[in-house]
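What follows is the content of input-v6.txt (compact mmCIF, C-alpha atoms and all ligand atoms).
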# COMPACT_ATOMS: atom_id res chain seq x y z
CA MET K 1 127.75 93.26 164.74
CA VAL K 2 124.99 91.25 166.37
CA GLN K 3 124.14 87.58 166.22
CA PRO K 4 121.96 86.81 163.19
CA LEU K 5 118.40 85.75 164.02
CA SER K 6 118.46 83.31 161.13
CA TYR K 7 114.73 82.82 160.99
CA LEU K 8 113.24 81.72 157.70
CA LYS K 9 110.81 83.73 155.59
CA GLU K 10 107.42 82.25 154.70
CA SER K 11 107.37 80.99 151.11
CA PRO K 12 105.89 83.84 149.06
CA SER K 13 102.37 83.25 147.80
CA GLN K 14 101.58 82.90 144.13
CA THR K 15 98.13 82.97 142.57
CA ALA K 16 96.23 79.69 142.44
CA GLY K 17 95.63 80.44 138.76
CA PRO K 18 92.72 79.25 136.60
CA TYR K 19 93.42 75.53 137.00
CA VAL K 20 93.40 75.20 140.79
CA HIS K 21 90.67 72.58 140.37
CA ILE K 22 93.11 70.13 138.81
CA GLY K 23 95.05 69.96 142.05
CA CYS K 24 92.37 70.56 144.69
CA THR K 25 89.12 69.23 143.17
CA PRO K 26 90.22 66.97 140.30
CA ASN K 27 86.92 65.09 140.12
CA PHE K 28 85.12 68.41 139.69
CA ALA K 29 87.63 69.13 136.89
CA GLU K 30 86.66 65.77 135.31
CA ILE K 31 90.02 64.19 136.10
CA GLU K 32 88.53 61.00 137.39
CA GLY K 33 90.08 57.88 138.78
CA VAL K 34 93.04 59.50 140.53
CA TYR K 35 91.37 60.20 143.90
CA PRO K 36 88.12 58.46 144.90
CA GLN K 37 86.50 61.80 145.73
CA ASP K 38 87.41 65.45 146.14
CA LEU K 39 88.61 66.40 149.60
CA GLY K 40 86.25 68.51 151.65
CA HIS K 41 83.16 67.77 149.58
CA GLU K 42 81.41 66.45 152.67
CA MET K 43 81.48 68.08 156.11
CA ILE K 44 78.76 65.98 157.72
CA THR K 45 79.78 62.33 157.86
CA GLY K 46 77.08 60.82 160.07
CA ASN K 47 74.35 61.59 162.56
CA VAL K 48 75.53 65.09 163.35
CA GLN K 49 74.48 67.18 166.35
CA GLY K 50 72.98 70.63 165.97
CA GLN K 51 71.07 72.51 163.32
CA ARG K 52 71.84 71.60 159.75
CA ILE K 53 72.30 74.61 157.51
CA ARG K 54 73.27 75.33 153.94
CA ILE K 55 75.61 78.18 153.05
CA THR K 56 75.69 79.42 149.48
CA GLY K 57 77.49 82.39 148.01
CA ARG K 58 79.51 83.89 145.22
CA VAL K 59 82.82 85.68 144.92
CA ILE K 60 82.26 88.89 142.95
CA ASP K 61 84.93 91.03 141.27
CA GLY K 62 85.19 94.80 141.01
CA THR K 63 82.99 94.91 137.89
CA GLY K 64 80.17 92.99 139.60
CA THR K 65 80.95 89.75 137.78
CA PRO K 66 80.91 86.51 139.80
CA LEU K 67 84.14 84.52 139.61
CA ARG K 68 83.63 81.17 137.90
CA ASP K 69 87.08 79.88 138.73
CA ALA K 70 87.38 80.47 142.48
CA LEU K 71 88.01 77.86 145.15
CA VAL K 72 86.51 78.42 148.58
CA GLU K 73 87.30 76.58 151.81
CA ILE K 74 85.46 76.94 155.08
CA TRP K 75 86.47 76.01 158.61
CA GLN K 76 84.27 76.06 161.67
CA PRO K 77 83.61 74.41 165.01
CA ASP K 78 80.76 71.98 165.61
CA ALA K 79 77.42 72.94 167.12
CA ALA K 80 78.98 72.95 170.60
CA GLY K 81 81.82 75.26 169.55
CA LEU K 82 84.51 72.56 169.41
CA PHE K 83 86.96 72.09 166.54
CA ASN K 84 87.64 68.68 165.06
CA SER K 85 91.39 69.33 165.29
CA PRO K 86 94.33 68.05 167.35
CA ALA K 87 94.91 71.63 168.51
CA GLU K 88 91.48 71.58 170.22
CA THR K 89 92.13 71.13 173.95
CA ARG K 90 88.74 72.10 175.42
CA GLY K 91 86.94 68.84 174.64
CA THR K 92 86.16 66.36 171.90
CA ALA K 93 84.33 67.56 168.83
CA ASP K 94 81.36 65.80 167.22
CA PRO K 95 82.90 62.80 165.40
CA ASN K 96 80.30 63.11 162.64
CA PHE K 97 81.44 66.55 161.61
CA THR K 98 84.76 67.48 160.00
CA GLY K 99 84.41 71.25 160.25
CA TRP K 100 86.23 71.68 156.96
CA GLY K 101 84.77 72.05 153.51
CA ARG K 102 86.14 72.85 150.08
CA CYS K 103 84.06 73.88 147.07
CA ALA K 104 84.88 75.14 143.60
CA SER K 105 82.56 77.85 142.41
CA ASP K 106 80.21 76.68 139.69
CA MET K 107 81.77 77.15 136.25
CA THR K 108 78.55 78.77 134.97
CA THR K 109 76.92 80.61 137.88
CA GLY K 110 79.92 81.12 140.14
CA GLU K 111 77.99 79.82 143.14
CA PHE K 112 79.57 77.77 145.93
CA ALA K 113 77.62 75.75 148.49
CA PHE K 114 78.34 74.00 151.78
CA ASP K 115 76.02 71.70 153.71
CA THR K 116 77.06 72.10 157.31
CA VAL K 117 75.78 72.82 160.82
CA LYS K 118 75.32 76.09 162.63
CA PRO K 119 78.57 76.57 164.56
CA GLY K 120 78.81 77.21 168.28
CA ALA K 121 80.74 80.11 169.77
CA VAL K 122 84.48 79.97 170.48
CA PRO K 123 86.56 82.21 172.74
CA PHE K 124 88.84 85.06 171.68
CA VAL K 125 92.39 85.18 173.08
CA ASP K 126 91.25 87.13 176.16
CA GLY K 127 88.39 84.75 176.98
CA ARG K 128 85.55 86.86 175.60
CA MET K 129 83.31 84.86 173.31
CA GLN K 130 83.31 85.33 169.55
CA ALA K 131 79.91 85.25 167.90
CA PRO K 132 79.12 82.09 165.91
CA HIS K 133 80.69 82.28 162.48
CA VAL K 134 82.37 80.27 159.77
CA THR K 135 85.78 81.25 158.50
CA LEU K 136 86.36 81.29 154.73
CA TRP K 137 89.47 81.23 152.57
CA ILE K 138 89.28 82.21 148.91
CA VAL K 139 91.80 81.68 146.11
CA ALA K 140 91.49 82.24 142.37
CA ARG K 141 93.25 83.50 139.30
CA GLY K 142 94.06 87.17 139.93
CA ILE K 143 94.17 86.75 143.72
CA ASN K 144 97.83 86.98 144.68
CA LEU K 145 97.47 85.88 148.30
CA GLY K 146 94.64 83.70 149.64
CA LEU K 147 91.90 85.81 151.24
CA HIS K 148 90.57 85.11 154.72
CA THR K 149 87.18 86.33 155.85
CA ARG K 150 84.26 85.23 158.04
CA MET K 151 80.51 84.86 157.69
CA TYR K 152 78.52 85.72 160.79
CA PHE K 153 74.82 84.98 161.23
CA PRO K 154 72.02 87.54 160.86
CA ASP K 155 70.01 85.91 163.66
CA GLU K 156 72.77 86.49 166.25
CA ALA K 157 72.51 90.26 166.59
CA ASP K 158 73.44 90.38 170.30
CA ALA K 159 76.44 88.08 169.93
CA ASN K 160 77.56 89.95 166.81
CA ALA K 161 77.37 93.27 168.68
CA ALA K 162 79.68 91.86 171.37
CA ASP K 163 82.06 90.11 168.97
CA PRO K 164 85.69 91.13 169.59
CA ILE K 165 86.63 90.93 165.90
CA LEU K 166 83.61 92.78 164.52
CA SER K 167 84.08 95.52 167.09
CA ARG K 168 87.68 96.02 165.89
CA ILE K 169 86.51 97.12 162.45
CA GLU K 170 87.23 100.84 162.21
CA HIS K 171 84.48 101.62 159.71
CA GLN K 172 81.49 99.99 161.39
CA ALA K 173 79.45 100.49 158.21
CA ARG K 174 81.52 97.63 156.76
CA VAL K 175 80.46 95.10 159.42
CA LYS K 176 77.43 94.22 157.31
CA THR K 177 79.74 92.78 154.64
CA LEU K 178 80.45 89.93 157.08
CA ILE K 179 76.83 89.01 157.88
CA GLY K 180 75.16 86.32 155.78
CA ALA K 181 71.65 86.79 154.39
CA ASP K 182 68.91 84.61 155.89
CA LYS K 183 67.09 82.83 153.06
CA GLY K 184 64.88 80.80 155.42
CA ASP K 185 64.86 77.10 156.33
CA GLY K 186 68.46 77.21 157.49
CA HIS K 187 69.78 78.57 154.20
CA TYR K 188 72.24 81.46 154.42
CA HIS K 189 73.69 83.28 151.43
CA PHE K 190 77.03 85.08 151.56
CA ASP K 191 78.38 87.10 148.65
CA ILE K 192 82.05 88.01 148.91
CA ARG K 193 82.88 91.28 147.15
CA LEU K 194 86.52 91.67 146.23
CA GLN K 195 86.25 95.37 145.50
CA GLY K 196 83.83 98.26 145.30
CA HIS K 197 81.55 100.13 147.64
CA ASN K 198 80.65 97.01 149.63
CA GLU K 199 84.07 95.37 149.58
CA THR K 200 84.06 92.51 152.08
CA VAL K 201 86.30 92.93 155.10
CA PHE K 202 89.27 90.58 154.67
CA PHE K 203 91.50 89.50 157.50
CA ASP K 204 95.24 89.72 157.93
CA ILE K 205 95.61 86.11 159.05
CA MET T 206 100.67 76.70 174.70
CA THR T 207 98.70 78.97 172.45
CA ASN T 208 100.89 81.91 171.71
CA GLY T 209 99.57 82.52 168.27
CA TYR T 210 101.30 82.69 164.93
CA VAL T 211 103.86 85.30 164.01
CA ASN T 212 102.29 87.95 161.80
CA ARG T 213 102.44 87.41 158.11
CA ASP T 214 104.98 89.75 156.49
CA ARG T 215 102.79 91.26 153.80
CA ARG T 216 105.65 93.22 152.26
CA TRP T 217 107.31 89.92 151.42
CA HIS T 218 104.25 88.55 149.62
CA PRO T 219 102.81 89.95 146.38
CA PRO T 220 100.58 92.96 146.96
CA SER T 221 96.87 92.63 146.26
CA ILE T 222 96.91 94.62 143.02
CA THR T 223 99.78 94.16 140.58
CA PRO T 224 98.85 95.90 137.28
CA ASP T 225 101.31 93.96 135.12
CA TYR T 226 99.36 90.84 136.09
CA LYS T 227 96.17 92.25 134.67
CA THR T 228 93.61 89.94 136.28
CA SER T 229 94.57 91.18 139.74
CA VAL T 230 93.33 94.69 138.93
CA ALA T 231 89.62 93.81 139.22
CA ARG T 232 90.10 90.95 141.69
CA GLY T 233 92.51 92.25 144.30
CA PRO T 234 90.89 93.84 147.37
CA ARG T 235 91.71 97.53 147.82
CA HIS T 236 91.04 98.00 151.52
CA ALA T 237 93.69 97.15 154.10
CA PRO T 238 92.98 93.80 155.74
CA LEU T 239 91.89 93.71 159.40
CA SER T 240 94.66 92.58 161.77
CA PHE T 241 94.12 90.75 165.04
CA PRO T 242 95.95 88.08 167.02
CA THR T 243 95.31 84.55 165.80
CA THR T 244 92.67 82.74 167.83
CA LEU T 245 91.68 79.09 168.09
CA VAL T 246 89.83 79.58 164.80
CA GLU T 247 93.05 80.27 162.89
CA GLU T 248 95.24 77.95 164.97
CA THR T 249 93.18 74.82 164.33
CA GLY T 250 92.64 72.86 161.15
CA PRO T 251 91.62 69.46 159.87
CA VAL T 252 93.99 66.49 160.08
CA PHE T 253 94.90 64.60 156.94
CA GLY T 254 95.93 61.04 157.69
CA HIS T 255 98.32 59.01 155.58
CA ASP T 256 95.54 56.41 155.33
CA MET T 257 93.59 58.64 152.97
CA LEU T 258 96.34 58.44 150.36
CA GLY T 259 96.31 56.01 147.48
CA GLU T 260 99.50 54.22 146.49
CA ARG T 261 100.07 56.38 143.40
CA ASP T 262 98.82 59.70 144.70
CA ASN T 263 102.37 61.10 144.69
CA ASP T 264 103.33 59.58 141.34
CA LEU T 265 102.07 61.76 138.51
CA ILE T 266 103.84 59.57 135.97
CA LEU T 267 101.52 56.68 136.78
CA ASN T 268 98.47 57.96 138.64
CA PHE T 269 96.46 58.75 135.51
CA ALA T 270 98.10 56.32 133.13
CA SER T 271 96.24 53.34 131.75
CA GLY T 272 97.66 49.87 131.42
CA ASP T 273 101.42 49.96 130.98
CA GLY T 274 101.30 53.61 129.97
CA MET T 275 103.41 56.36 131.45
CA ALA T 276 103.26 60.13 131.22
CA ILE T 277 105.54 61.56 128.52
CA GLY T 278 108.32 63.93 129.48
CA PRO T 279 111.57 64.24 131.39
CA ARG T 280 111.20 62.23 134.58
CA ILE T 281 111.85 64.11 137.81
CA ILE T 282 111.63 63.64 141.57
CA VAL T 283 110.50 66.69 143.51
CA HIS T 284 111.25 66.58 147.22
CA GLY T 285 111.91 68.84 150.14
CA GLN T 286 110.92 69.78 153.63
CA VAL T 287 107.93 71.70 154.90
CA ARG T 288 109.17 73.73 157.86
CA ASP T 289 108.06 76.81 159.73
CA GLU T 290 109.74 80.19 160.07
CA PHE T 291 111.67 78.93 163.10
CA GLY T 292 113.06 76.05 161.06
CA ARG T 293 110.96 73.34 162.71
CA GLY T 294 109.72 70.60 160.39
CA VAL T 295 105.95 70.58 159.88
CA PRO T 296 104.71 66.97 159.99
CA GLY T 297 101.36 65.95 158.55
CA ALA T 298 101.10 68.84 156.10
CA LEU T 299 98.89 68.10 153.11
CA ILE T 300 100.66 68.98 149.87
CA GLU T 301 98.58 69.03 146.71
CA VAL T 302 100.25 69.76 143.37
CA TRP T 303 99.04 70.41 139.85
CA GLN T 304 100.88 71.15 136.64
CA ALA T 305 100.79 71.23 132.86
CA ASN T 306 102.08 68.28 130.85
CA ALA T 307 105.48 68.21 129.13
CA GLY T 308 104.06 70.27 126.25
CA GLY T 309 102.68 72.97 128.55
CA ARG T 310 99.05 71.85 128.30
CA TYR T 311 96.68 71.44 131.27
CA ARG T 312 93.93 68.86 131.39
CA HIS T 313 91.09 71.34 131.95
CA LYS T 314 88.01 72.19 129.95
CA LYS T 315 88.77 75.92 130.02
CA GLU T 316 92.27 75.39 128.64
CA SER T 317 92.69 76.16 124.93
CA TYR T 318 96.45 76.02 124.24
CA LEU T 319 97.08 74.10 121.01
CA ALA T 320 99.69 71.78 122.54
CA PRO T 321 98.24 68.27 122.79
CA LEU T 322 96.98 66.45 125.86
CA ASP T 323 98.95 63.43 127.04
CA PRO T 324 96.46 60.58 127.45
CA ASN T 325 98.52 59.22 130.34
CA PHE T 326 98.89 62.44 132.28
CA GLY T 327 96.25 63.91 134.58
CA GLY T 328 98.37 66.58 136.23
CA CYS T 329 97.46 66.24 139.92
CA GLY T 330 99.21 64.62 142.84
CA ARG T 331 99.31 64.80 146.61
CA CYS T 332 101.26 63.65 149.62
CA ILE T 333 101.53 64.27 153.34
CA SER T 334 104.77 65.34 154.97
CA ASP T 335 106.44 62.82 157.30
CA GLU T 336 107.33 63.25 160.98
CA GLN T 337 110.15 65.65 160.11
CA GLY T 338 108.19 67.50 157.46
CA PHE T 339 109.79 65.82 154.44
CA TYR T 340 107.82 65.04 151.29
CA GLU T 341 108.51 63.61 147.85
CA PHE T 342 106.73 62.95 144.61
CA ARG T 343 107.54 61.87 141.09
CA THR T 344 106.37 63.56 137.94
CA ILE T 345 107.46 64.80 134.55
CA MET T 346 108.98 68.21 133.87
CA PRO T 347 106.10 70.56 132.93
CA GLY T 348 106.46 72.65 129.81
CA PRO T 349 106.29 76.45 129.69
CA TYR T 350 103.10 77.81 128.16
CA PRO T 351 101.73 81.07 126.75
CA TRP T 352 98.88 82.80 128.56
CA PRO T 353 96.65 85.77 127.82
CA ASN T 354 97.95 88.89 129.55
CA THR T 355 99.94 91.00 127.12
CA MET T 356 100.16 89.58 123.60
CA ASN T 357 103.26 87.53 124.39
CA ASP T 358 103.51 86.31 127.97
CA TRP T 359 104.88 82.88 128.81
CA ARG T 360 104.83 81.13 132.15
CA PRO T 361 108.15 79.56 133.14
CA ALA T 362 107.91 75.83 133.80
CA HIS T 363 106.25 75.53 137.21
CA ILE T 364 104.37 73.27 139.57
CA HIS T 365 101.50 74.68 141.63
CA PHE T 366 101.57 73.81 145.32
CA SER T 367 98.71 73.98 147.82
CA ILE T 368 99.97 73.43 151.37
CA PHE T 369 97.82 72.84 154.41
CA GLY T 370 99.79 72.97 157.64
CA HIS T 371 98.39 72.83 161.15
CA GLY T 372 95.81 75.55 160.96
CA PHE T 373 94.32 78.08 158.61
CA ALA T 374 97.17 80.42 159.57
CA GLN T 375 99.47 77.97 157.78
CA ARG T 376 97.38 77.74 154.61
CA LEU T 377 99.34 78.67 151.52
CA ILE T 378 99.22 78.37 147.75
CA THR T 379 102.36 79.01 145.76
CA GLN T 380 104.34 77.82 142.73
CA MET T 381 107.66 76.09 142.32
CA TYR T 382 110.04 77.12 139.53
CA PHE T 383 113.09 75.34 138.12
CA GLU T 384 116.70 76.39 138.46
CA GLY T 385 118.08 77.97 135.32
CA ASP T 386 114.77 78.70 133.55
CA PRO T 387 115.26 82.05 131.77
CA LEU T 388 111.48 82.63 131.61
CA ILE T 389 111.38 83.18 135.40
CA TRP T 390 112.69 86.71 134.83
CA HIS T 391 110.10 87.52 132.15
CA CYS T 392 106.92 86.47 133.96
CA PRO T 393 104.43 89.05 135.30
CA ILE T 394 103.08 86.51 137.81
CA VAL T 395 106.54 85.74 139.21
CA ASP T 396 107.15 89.47 139.20
CA THR T 397 104.25 90.09 141.61
CA ILE T 398 106.73 89.03 144.32
CA PRO T 399 108.42 92.25 145.42
CA THR T 400 112.00 91.07 145.91
CA ARG T 401 114.52 89.02 143.99
CA GLU T 402 115.26 87.15 147.21
CA GLY T 403 111.59 86.22 147.53
CA ILE T 404 111.47 84.99 143.93
CA GLU T 405 114.61 82.93 144.37
CA SER T 406 113.07 81.24 147.42
CA LEU T 407 110.58 79.62 145.00
CA VAL T 408 113.21 78.31 142.59
CA ALA T 409 113.98 74.64 143.18
CA ALA T 410 117.58 73.55 142.82
CA LEU T 411 118.70 70.67 140.67
CA ASP T 412 119.67 68.06 143.26
CA MET T 413 122.16 65.59 141.82
CA ALA T 414 122.49 63.84 145.18
CA ARG T 415 118.86 62.72 145.03
CA THR T 416 118.79 62.02 141.32
CA VAL T 417 117.98 58.40 140.48
CA PRO T 418 120.70 57.28 138.05
CA MET T 419 119.46 56.23 134.61
CA ASP T 420 115.90 57.09 135.69
CA ALA T 421 114.97 60.54 136.99
CA ARG T 422 116.59 63.83 137.90
CA ALA T 423 115.71 65.43 141.22
CA TYR T 424 114.77 68.95 142.30
CA LYS T 425 114.71 70.06 145.91
CA PHE T 426 111.98 72.45 146.96
CA ASP T 427 111.70 73.43 150.62
CA ILE T 428 108.54 75.21 151.73
CA THR T 429 108.30 77.55 154.69
CA LEU T 430 105.01 78.08 156.53
CA ARG T 431 104.17 80.60 159.23
CA GLY T 432 105.83 80.08 162.60
CA ARG T 433 104.12 79.75 165.92
CA ARG T 434 105.42 81.82 168.79
CA GLN T 435 106.87 80.03 171.75
CA THR T 436 107.48 81.59 175.11
CA MET T 437 107.27 80.56 178.70
CA PHE T 438 105.54 83.90 179.36
CA GLU T 439 102.20 83.69 177.70
CA ASN T 440 100.26 86.52 179.25
CA ARG T 441 98.15 88.36 176.81
CA MET T 442 96.78 91.78 177.55
CA GLU T 443 93.05 92.39 177.54
CA GLY T 444 91.89 93.22 174.04
CA LEU T 445 95.05 92.09 172.30
FE FE H 501 100.12 77.09 135.86

Could you express the structure from this file as structure tokens?
Ligand SMILES: [Fe+2]
Amino acid sequence: MVQPLSYLKESPSQTAGPYVHIGCTPNFAEIEGVYPQDLGHEMITGNVQGQRIRITGRVIDGTGTPLRDALVEIWQPDAAGLFNSPAETRGTADPNFTGWGRCASDMTTGEFAFDTVKPGAVPFVDGRMQAPHVTLWIVARGINLGLHTRMYFPDEADANAADPILSRIEHQARVKTLIGADKGDGHYHFDIRLQGHNETVFFDI
Amino acid sequence: MTNGYVNRDRRWHPPSITPDYKTSVARGPRHAPLSFPTTLVEETGPVFGHDMLGERDNDLILNFASGDGMAIGPRIIVHGQVRDEFGRGVPGALIEVWQANAGGRYRHKKESYLAPLDPNFGGCGRCISDEQGFYEFRTIMPGPYPWPNTMNDWRPAHIHFSIFGHGFAQRLITQMYFEGDPLIWHCPIVDTIPTREGIESLVAALDMARTVPMDARAYKFDITLRGRRQTMFENRMEGL
């Protein structure tokens, strides 16, 4: 016999289902008057520093059909690479930027959109810098465990080439699934493919 | 100390593709996910302050009701603790819930079940865990409902939970079930969880000690989020 470790197990995930909007974006679901506004609908709350950008995208299933019932959250540092979080110990983030956004995909087109700023770089655990990116988390009916991924920027080729996460990807041909498309004027588009030839790289977070 | 989060045990969670839950077949990724140690990106997250909450945010019986109205259905208190895998309470966790009404009907434009809407029930609520990780809300018992999968699948009564702990590594969506519901063992979504032990960890117990006499029964539902490593020896090797 040995002493039991008696650690707990994480609560098992269950799909967010088709009605995730009721709980997470009730105003979007036309349940009005309960919360004044949906959480995460605004990332920029004042005179923000850095370059303003817009990120749009879709979540696409294995048949090529965009999901019209997905919920996407993004998390990122400010333009200086600082997180607006109590766990940030390197400095104080821009007070006019939350770093966190939540958006339901459009019930007709499946598109999500975030108005944000271009993030700065943050270090990896060994001190090397990670290329600027936003992290995304996707849930929907049919997704059993929330999916983590990242969007990197097409105009950061050198930083992307040195990125410690991107360089860990065994099949380097898949790196391109993590790079947003430059649509000009600070607009980046990022399609997330759940399956198929260009399946997005998802992370074991 | 930044020692990172303990890996997620993916054999404990539902796999990506679970054919008996048909929608997962075209939506579940097929490639193995990329593993790496959590970094500041995954260890940070937004803070949700108690000041953002309205007085009735955690009261689904009243938060959508008009005038003197109240949601119809058996009144229940749902409470518990948000803790991590090491048993430490997680304070400040944002808990958002959504559920069907007592007849099993959701207030959603894509919902077509013939059971009627309750004009006094919206179906959403939220709260933030206290300094020890405890939370509580009041609602009505949701009804089971049929859903399109095979020709005769029914969801057990359940409440959906979205939990936001201290970083994206502690982000989780799950569902709470009710002790004694026979439908739990007939549900393809419940059955995506690989073990009986895992399923039972989502079944809330009837809690007579917290029941409000002549008013509402209580169910206790504890939630466990990922744990963060702690050690006095925090060296990390290059490239790890
Ligand atoms: Fe449900």

Residue with smallest distance to chain T - pool K:Asp106, K:Asp182, K:Asp126, K:Asp38, counting all atoms listed in the file: K:Asp126

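Of the listed residues K:Gln172, K:Leu8, K:Ile44, K:Asn198, the one whose atoms come nearest to Gly294 of chain T is K:Leu8, with distances taken using only C-alpha atoms.
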
Close residues to ligand FE 501 (chain H) using only C-alpha atoms and all ligand atoms, limit 7 Å, as an NGL selection string: (:K and (17 or 19)) or (:T and (304-305 or 363-365))

One-decimal distance in Å that lies between atom CA of Thr15 of chain K and atom CA of Ile143 of chain K: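 Distance between the two atoms: 5.6 Å.
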
Using all atoms listed in the file and a cut-off of 6 Å, which residues of chain T sit close to chain K? Please list them as a PDB file with C-alpha atoms, in the frame of the given file.
ATOM      1  CA  HIS T 218     104.250  88.550 149.620  1.00  0.00           C
ATOM      2  CA  SER T 221      96.870  92.630 146.260  1.00  0.00           C
ATOM      3  CA  THR T 228      93.610  89.940 136.280  1.00  0.00           C
ATOM      4  CA  SER T 229      94.570  91.180 139.740  1.00  0.00           C
ATOM      5  CA  ALA T 231      89.620  93.810 139.220  1.00  0.00           C
ATOM      6  CA  ARG T 232      90.100  90.950 141.690  1.00  0.00           C
ATOM      7  CA  GLY T 233      92.510  92.250 144.300  1.00  0.00           C
ATOM      8  CA  PRO T 234      90.890  93.840 147.370  1.00  0.00           C
ATOM      9  CA  PRO T 238      92.980  93.800 155.740  1.00  0.00           C
ATOM     10  CA  LEU T 239      91.890  93.710 159.400  1.00  0.00           C
ATOM     11  CA  SER T 240      94.660  92.580 161.770  1.00  0.00           C
ATOM     12  CA  THR T 244      92.670  82.740 167.830  1.00  0.00           C
ATOM     13  CA  THR T 249      93.180  74.820 164.330  1.00  0.00           C
ATOM     14  CA  GLY T 250      92.640  72.860 161.150  1.00  0.00           C
ATOM     15  CA  PRO T 251      91.620  69.460 159.870  1.00  0.00           C
ATOM     16  CA  ASN T 268      98.470  57.960 138.640  1.00  0.00           C
ATOM     17  CA  GLU T 290     109.740  80.190 160.070  1.00  0.00           C
ATOM     18  CA  PHE T 291     111.670  78.930 163.100  1.00  0.00           C
ATOM     19  CA  GLU T 301      98.580  69.030 146.710  1.00  0.00           C
ATOM     20  CA  VAL T 302     100.250  69.760 143.370  1.00  0.00           C
ATOM     21  CA  TRP T 303      99.040  70.410 139.850  1.00  0.00           C
ATOM     22  CA  CYS T 329      97.460  66.240 139.920  1.00  0.00           C
ATOM     23  CA  ALA T 374      97.170  80.420 159.570  1.00  0.00           C
ATOM     24  CA  ILE T 378      99.220  78.370 147.750  1.00  0.00           C
ATOM     25  CA  THR T 379     102.360  79.010 145.760  1.00  0.00           C
ATOM     26  CA  GLN T 380     104.340  77.820 142.730  1.00  0.00           C
ATOM     27  CA  ILE T 428     108.540  75.210 151.730  1.00  0.00           C
ATOM     28  CA  THR T 429     108.300  77.550 154.690  1.00  0.00           C
ATOM     29  CA  LEU T 430     105.010  78.080 156.530  1.00  0.00           C
ATOM     30  CA  ARG T 431     104.170  80.600 159.230  1.00  0.00           C
ATOM     31  CA  GLU T 443      93.050  92.390 177.540  1.00  0.00           C
TER      32      GLU T 443
END

Using only C-alpha atoms: which of T:Thr355, T:Gln435, T:Asn212, T:Asn263 has the shortest distance to Arg293 of chain T: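 Checking each of T:Thr355, T:Gln435, T:Asn212, T:Asn263 against Arg293 of chain T, counting only C-alpha atoms, the winner is T:Gln435.
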
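Using all atoms listed in the file, the smallest distance between any of K:Ala131, K:Thr56, K:Gly91, K:Ile138 and Phe373 of chain T comes from K:Ile138.
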
Please provide the set of residues having any atom within 9 Å of Pro324 of chain T, restricted to only C-alpha atoms, with same-chain residues fewer than 5 positions apart removed, written as a compact mmCIF listing (two decimals) with C-alpha atoms, in the frame of the given file.
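Generated file (out.txt):
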# COMPACT_ATOMS: atom_id res chain seq x y z
CA PHE T 269 96.46 58.75 135.51
CA ALA T 270 98.10 56.32 133.13
CA SER T 271 96.24 53.34 131.75
CA GLY T 274 101.30 53.61 129.97
CA ALA T 276 103.26 60.13 131.22

Draw an axis-aligned box over all listed atoms of segment 213-229 of chain T, pad each side with 8 Å, and write its centre and edge lengths in Å, one decimal, as JSON.
{"center_x": 100.5, "center_y": 91.7, "center_z": 146.4, "size_x": 29.7, "size_y": 24.5, "size_z": 39.4}

Separation of atom CA of His284 of chain T from atom CA of Ile368 of chain T in Å: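 One can read the atom CA of Ile368 of chain T to atom CA of His284 of chain T distance as 13.8 Å.
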
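Each of T:Glu402, T:Asp289, T:Asp335, T:Asp420 was compared to Trp217 of chain T using all atoms listed in the file, and T:Glu402 turns out to be the nearest.
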
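Here atom CA of Leu407 of chain T and atom CA of Phe426 of chain T stand 7.6 Å from one another.
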